[in-house]
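Enquirer: Before I ask anything, let me first share the structure, which is written out below as structure tokens.
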Amino acid sequence: MNNFKQHSILPGFNLALGFTLLYLSLIVLIPLSAAFIRTAELTLPEFWTIVTTPRVVASYRLTFGVSFAAALVNAFFGLLVAWVLVRYHFPGKKIVDALVDLPFALPTAVAGIALTALYSGNGWIGQYLEPLGIKVAFTPLGIFVALTFIGLPFVVRTVQPVLEDLEAELEEAAATLGANRWQTFAHVIFPILFPALMTGFALAFARAIGEYGSVIFIAGNMPMVSEITPLLIVTKLEQYDYAGATALSVVMLVISFILLLIINLLQWWSRRRSARA
Amino acid sequence: MKITSWLATSILATSLIISGSVLAEKTLLNVSYDPTRELYQEFNAAFAKYWQAKNHEKVVIRQSHGGSGKQARSVIDGLEADVVTLALANDINAIAEIAKLLPENWQQRLSLNSTPYTSTIIFLVRKGNPKGIKDWDDLARSGVAVITPNPKTSGGAQWNYLAAWEYGKQRYGEDKAKDFVGNIYKNVPVLDSGARGSTTTFVERGVGDVLITWENEAFLALKEYGSEKFETVIPSLSIVAEPPVAVVDKVVDKRGTRQIAEAYLQFLYSEEGQEIAAKHFYRPTSAKIAERYAQKFPKIELFNIDDAFGGWKNAHKIHFADGAHFDQIYLK
């Protein structure tokens with residue numbers, strides 16, 4: 001009886017669990033339920049009309065689409081950065097390592113303003129891109145740039161510790177068994193990294209969906225084109241439409257929750273698969 | 001037992017001393033909209049001096065700025081503003097209707113519709129006016145990029161929109177006004193959330209050929225960035241923009257600042273207050289000061305919102321509410 005109790009190193013399982021639940025309720029569930037309660041002021045048809053107007057639907061597509069693309073790019077380059085930081089030694093490595101965290105600490109509005117100044121038609125980078133017909137600031141591409149910027153540390157910081165724990169002996173063993181470099185990566189290293197990479201991806205994705213500060217500066221905020229859902233929520237609030245704003249929030253919450261759940265399931269599945277292999 | 005009661009008394013005493021020392025210096029919070037930063041910086045200093053001389057009491061006025069709608073919402077959500085000086089009556093209406101912090105007839109409490117200074121909407125273009133912009137028609141031409149904030153979030157932008165609409169109506173007729181305004185907004189590449197954001201986009205980022213903006217904001221940009229880079233264009237017709245002011249009753253009664261808050265707003269109507277407003281390119285309402293600064297403000301044919309749109313509530317319902325005219329522009 002009480003199997004897990006005996007195996008636990010830390011005493012006070014009941015107390016700890018109780019505290020966890022209380023804490024999560026206070027910090028996460030109660031504020032979220034407030035959003036749901038506010039929406040209850042609306043009837044179902046009203047709710048449905050608000051959350052399915054063309055402008056709102058366009059904003060979901062933009063928010064989730066661009067966030068997904070940015071997280072995908074971050075998953076790839078974040079892995080690369082983590083790899084370089086763990087496996088290679090070069091002068092200034094400590095500084096580069098610290099740079100990775102900068103997007104965490106920087107106020108997002110500052111990031112937005114800096115990126116806009118850089119990529120607008122008269123900016124350092126923008127002035128060379130504009131003649132080529134590439135407009136970054138005030139287009140969806142600008143949103144992508146901002147979301148990539150803020151998402152990078154999530155992937156690097158989740159993959160890095162796993163890479164550090166990865167023993168070189170595993171790769172040597174693969175090599176002695178005749179695996180070439182690609183096979184070693186694809187069959188030995190990648191499956192071990194994959195769950196961590198998924199976590200990093202999920203974090204970067206979730207962060208991008210909720211991002212507001214940096215995006216509004218660079219997006220141009222044109223209805224149907226470059227308007228993100230969080231901006232529409234703020235716009236509704238500024239029109240004193242509290243119920244409408246919470247209706248959109250609820251939709252975002254539900255979609256985000258489902259997506260994160262799917263990612264977690266994928267992670268669980270891949271972990272089980274690699275454990276069996 | 002004794003110790004606790006002693007402790008309670010001493011805590012009470014300390015807190016009384018602390019609050020007492022705070023009371024010696026009165027503070028006032030003025031929640032205002034985007035372009036009034038510079039105006040109120042100077043005005044607050046002048047008022048503090050006036051109040052000190054009159055009542056021998058030190059007053060510190062804090063100011064808060066942002067998009068007018070956002071500021072009103074902060075007050076509704078509990079920001080303790082003693083006075084609000086916002087871009088349009090509708091935002092103060094919202095404070096009265098939703099949070100009931102002041103009576104709904106607030107606008108009748110001070111003279112001139114509670115509007116101590118007015119402004120209007122004009123254009124700012126790049127030096128030499130390369131696109132030859134002279135009037136509202138030119139903003140609807142293809143190939144002209146127009147910068148204006150989002151009327152859903154910016155008070156100034158609502159004035160811009162209404163001025164364009166009225167021009168379209170007078171020039172092309174009632175049923176063409178919508179297409180006319182639609183054509184202008186098709187030329188807008190960036191919709192910022194506030195007037196200052198649009199100024200930054202136009203001035204600092206170099207986006208757009210023409211900025212539709214408050215007269216005071218246009219003159220301020222000329223002053224800050226130099227007239228060698230920009231010039232103003234005065235349209236043939238524009239709107240009298242009335243940014244009203246009000247004391248927030250529930251807040252001043254709670255904080256005991258009613259007397260000073262009322263004096264603060266009255267001071268806006270005084271000669272000194274009017275002069276400061278004029279210096280910051282707001283049109284004074286006092287005839288005497290207006291005359292003194294007459295050469296500063298270009299003569300424009302002006303109309304007001306009550307005559308053209310039947311007041312703010314009506315204008316909001318027809319143009320800016322969800323699914324109303326402004327939303328329809330983008331859904332075609």
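Naming works like this for the structure tokens: A, B, ... for the chains as they're shown, residue 1 at the start of each chain, ligands 1 onward in shown order.
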Dump as a ChimeraX atom specification the residues of chain B that approach chain A to within 7 Å, counting only C-alpha atoms.
Expert: /B:69-70,73,152-153,189-192,205-206,330
Enquirer: Got a sec: who's within 10 Å of A:Phe144, counting only C-alpha atoms, leaving out chain neighbours fewer than 2 positions off, as a list in words?
Expert: Leu62, Thr63, Gly65, Val66, Ser67, Phe68, Ala69, Ala70, Ala71, Val73, Val136, Thr139, Pro140, Leu141, Gly142, Ala146, Leu147, Thr148, Phe149, Ala208, Val215, Ile218 and Ala219 of chain A
Enquirer: Given the selection you just returned, output its residues as a file containing C-alpha atoms, formatted as a compact mmCIF listing (two decimals), in the first residue's frame.
Expert:
```txt
# COMPACT_ATOMS: atom_id res chain seq x y z
CA LEU A 62 -2.25 35.03 -38.76
CA THR A 63 -1.53 34.57 -35.05
CA GLY A 65 0.18 30.47 -38.52
CA VAL A 66 3.01 32.91 -37.98
CA SER A 67 3.63 31.67 -34.44
CA PHE A 68 3.91 28.12 -35.75
CA ALA A 69 6.31 29.15 -38.52
CA ALA A 70 8.45 31.17 -36.11
CA ALA A 71 8.59 28.31 -33.61
CA VAL A 73 12.42 28.09 -37.50
CA VAL A 136 9.52 43.45 -43.53
CA THR A 139 3.80 43.34 -42.94
CA PRO A 140 3.15 39.79 -41.66
CA LEU A 141 6.84 39.10 -42.37
CA GLY A 142 7.67 41.65 -39.69
CA ALA A 146 9.57 39.61 -34.03
CA LEU A 147 8.19 36.22 -32.99
CA THR A 148 11.39 34.47 -34.05
CA PHE A 149 13.36 36.91 -31.95
CA ALA A 208 4.52 33.63 -29.76
CA VAL A 215 4.37 42.69 -32.55
CA ILE A 218 6.24 46.08 -36.34
CA ALA A 219 2.97 44.65 -37.64
```
Enquirer: Skipping near chain neighbours, those fewer than 3 positions away, what residues fall within 12 Å of A:Glu167 using only C-alpha atoms, listed as a PyMOL selection string?
Expert: chain A and resi 86-87+161-164+170-174+188-189+192
Enquirer: Taking the DSSP secondary structure from the backbone, can you list the residues of stretch 204-280 of chain B that are strand (DSSP E or B), as a ChimeraX atom specification?
Expert: /B:210-214,230-233,237-241,245-247
Enquirer: Would you pick out the contacts of B:Ile95 at 9 Å or less, using only C-alpha atoms, so that residues sharing its chain but fewer than 6 positions from it are not included, and give the list as a PDB file with N, CA and C atoms, in the first residue's frame?
Expert:
```
ATOM      1  N   ALA B  72      -9.078  56.132 -20.982  1.00  0.00           N
ATOM      2  CA  ALA B  72     -10.412  56.082 -20.381  1.00  0.00           C
ATOM      3  C   ALA B  72     -10.640  54.717 -19.746  1.00  0.00           C
ATOM      4  N   ARG B  73     -10.189  53.681 -20.427  1.00  0.00           N
ATOM      5  CA  ARG B  73     -10.379  52.333 -19.888  1.00  0.00           C
ATOM      6  C   ARG B  73      -9.604  52.160 -18.588  1.00  0.00           C
ATOM      7  N   VAL B  75      -9.020  54.386 -16.398  1.00  0.00           N
ATOM      8  CA  VAL B  75      -9.785  55.058 -15.348  1.00  0.00           C
ATOM      9  C   VAL B  75     -10.978  54.191 -14.957  1.00  0.00           C
ATOM     10  N   ILE B  76     -11.660  53.609 -15.959  1.00  0.00           N
ATOM     11  CA  ILE B  76     -12.786  52.726 -15.670  1.00  0.00           C
ATOM     12  C   ILE B  76     -12.322  51.544 -14.818  1.00  0.00           C
ATOM     13  N   LEU B 101     -18.365  57.146 -12.535  1.00  0.00           N
ATOM     14  CA  LEU B 101     -17.483  57.921 -11.667  1.00  0.00           C
ATOM     15  C   LEU B 101     -17.824  59.407 -11.698  1.00  0.00           C
ATOM     16  N   LEU B 102     -18.585  59.814 -12.701  1.00  0.00           N
ATOM     17  CA  LEU B 102     -19.039  61.205 -12.753  1.00  0.00           C
ATOM     18  C   LEU B 102     -20.413  61.205 -13.417  1.00  0.00           C
ATOM     19  N   GLU B 104     -23.626  61.861 -15.878  1.00  0.00           N
ATOM     20  CA  GLU B 104     -23.637  61.822 -17.339  1.00  0.00           C
ATOM     21  C   GLU B 104     -23.744  63.211 -17.964  1.00  0.00           C
ATOM     22  N   VAL B 248     -13.205  64.014 -12.022  1.00  0.00           N
ATOM     23  CA  VAL B 248     -13.795  62.700 -11.769  1.00  0.00           C
ATOM     24  C   VAL B 248     -14.329  62.700 -10.337  1.00  0.00           C
TER      25      VAL B 248
END
```
Enquirer: Between A:Trp48, A:Trp83, A:Phe201, A:Tyr212, which has the minimum distance to A:Leu152 (counting only C-alpha atoms)?
Expert: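 Smallest distance to A:Leu152 is found for A:Phe201.
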Enquirer: Excluding A:Pro153 and any residue of its chain fewer than 4 positions from it, enumerate the residues within 10 Å of it, using only C-alpha atoms, and give them as a list in words.
Expert: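 Using only C-alpha atoms, the neighbours found are Asn74, Gly78, Val81, Ala82, Leu99, Val100, Asp101, Leu102, Pro103, Phe104, Thr148, Phe149, Arg157, Thr158, Val159, Gly200, Leu203 and Ala204 of chain A.
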Enquirer: Residues within 10 Å of A:Ser256, please, as a PyMOL selection string. Count only C-alpha atoms; anything in the same chain fewer than 3 positions from it doesn't count.
Expert: chain A and resi 64+205-206+209-210+250-253+259-262
Enquirer: For the selection just defined, write its residues with C-alpha atoms to a file, as a tab-separated table (two decimals), in the first residue's frame.
Expert:
```tsv
chain	number	residue	atom	x	y	z
A	64	PHE	CA	-1.38	30.78	-35.06
A	205	PHE	CA	5.01	28.53	-29.95
A	206	ALA	CA	2.96	29.33	-26.86
A	209	ILE	CA	0.75	33.16	-29.64
A	210	GLY	CA	0.46	35.39	-26.60
A	250	VAL	CA	-11.61	32.20	-24.52
A	251	VAL	CA	-11.21	31.09	-28.13
A	252	MET	CA	-7.47	31.71	-27.95
A	253	LEU	CA	-7.26	29.84	-24.68
A	259	LEU	CA	-2.41	22.64	-29.47
A	260	LEU	CA	-0.25	22.33	-26.36
A	261	LEU	CA	-2.04	19.14	-25.43
A	262	ILE	CA	-1.29	17.68	-28.85
```
Enquirer: So that I can check the surroundings of B:Val252, please list as number ranges by chain every protein, DNA and RNA residue that reaches within 10 Å of it, counting only C-alpha atoms and ignoring chain neighbours fewer than 2 positions away.
Expert: B: 28, 80-83, 101, 247-250, 254-262
Enquirer: Give me, as JSON, numbers by chain, the residues of stretch 3-139 of chain B that a backbone DSSP run labels alpha helix (DSSP H).
Expert: {"B": [3, 4, 5, 6, 7, 8, 9, 10, 11, 12, 13, 14, 15, 16, 17, 18, 19, 20, 21, 22, 23, 24, 37, 38, 39, 40, 41, 42, 43, 44, 45, 46, 47, 48, 49, 50, 51, 52, 53, 54, 55, 68, 69, 70, 71, 72, 73, 74, 75, 76, 89, 90, 91, 92, 93, 94, 111, 112, 113, 114, 136, 137, 138, 139]}
Enquirer: Can you tell me how far atom CA of A:Gln267 sits from atom CA of A:Met198, in Å to one decimal?
Expert: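 These atoms are spaced 6.4 Å apart.
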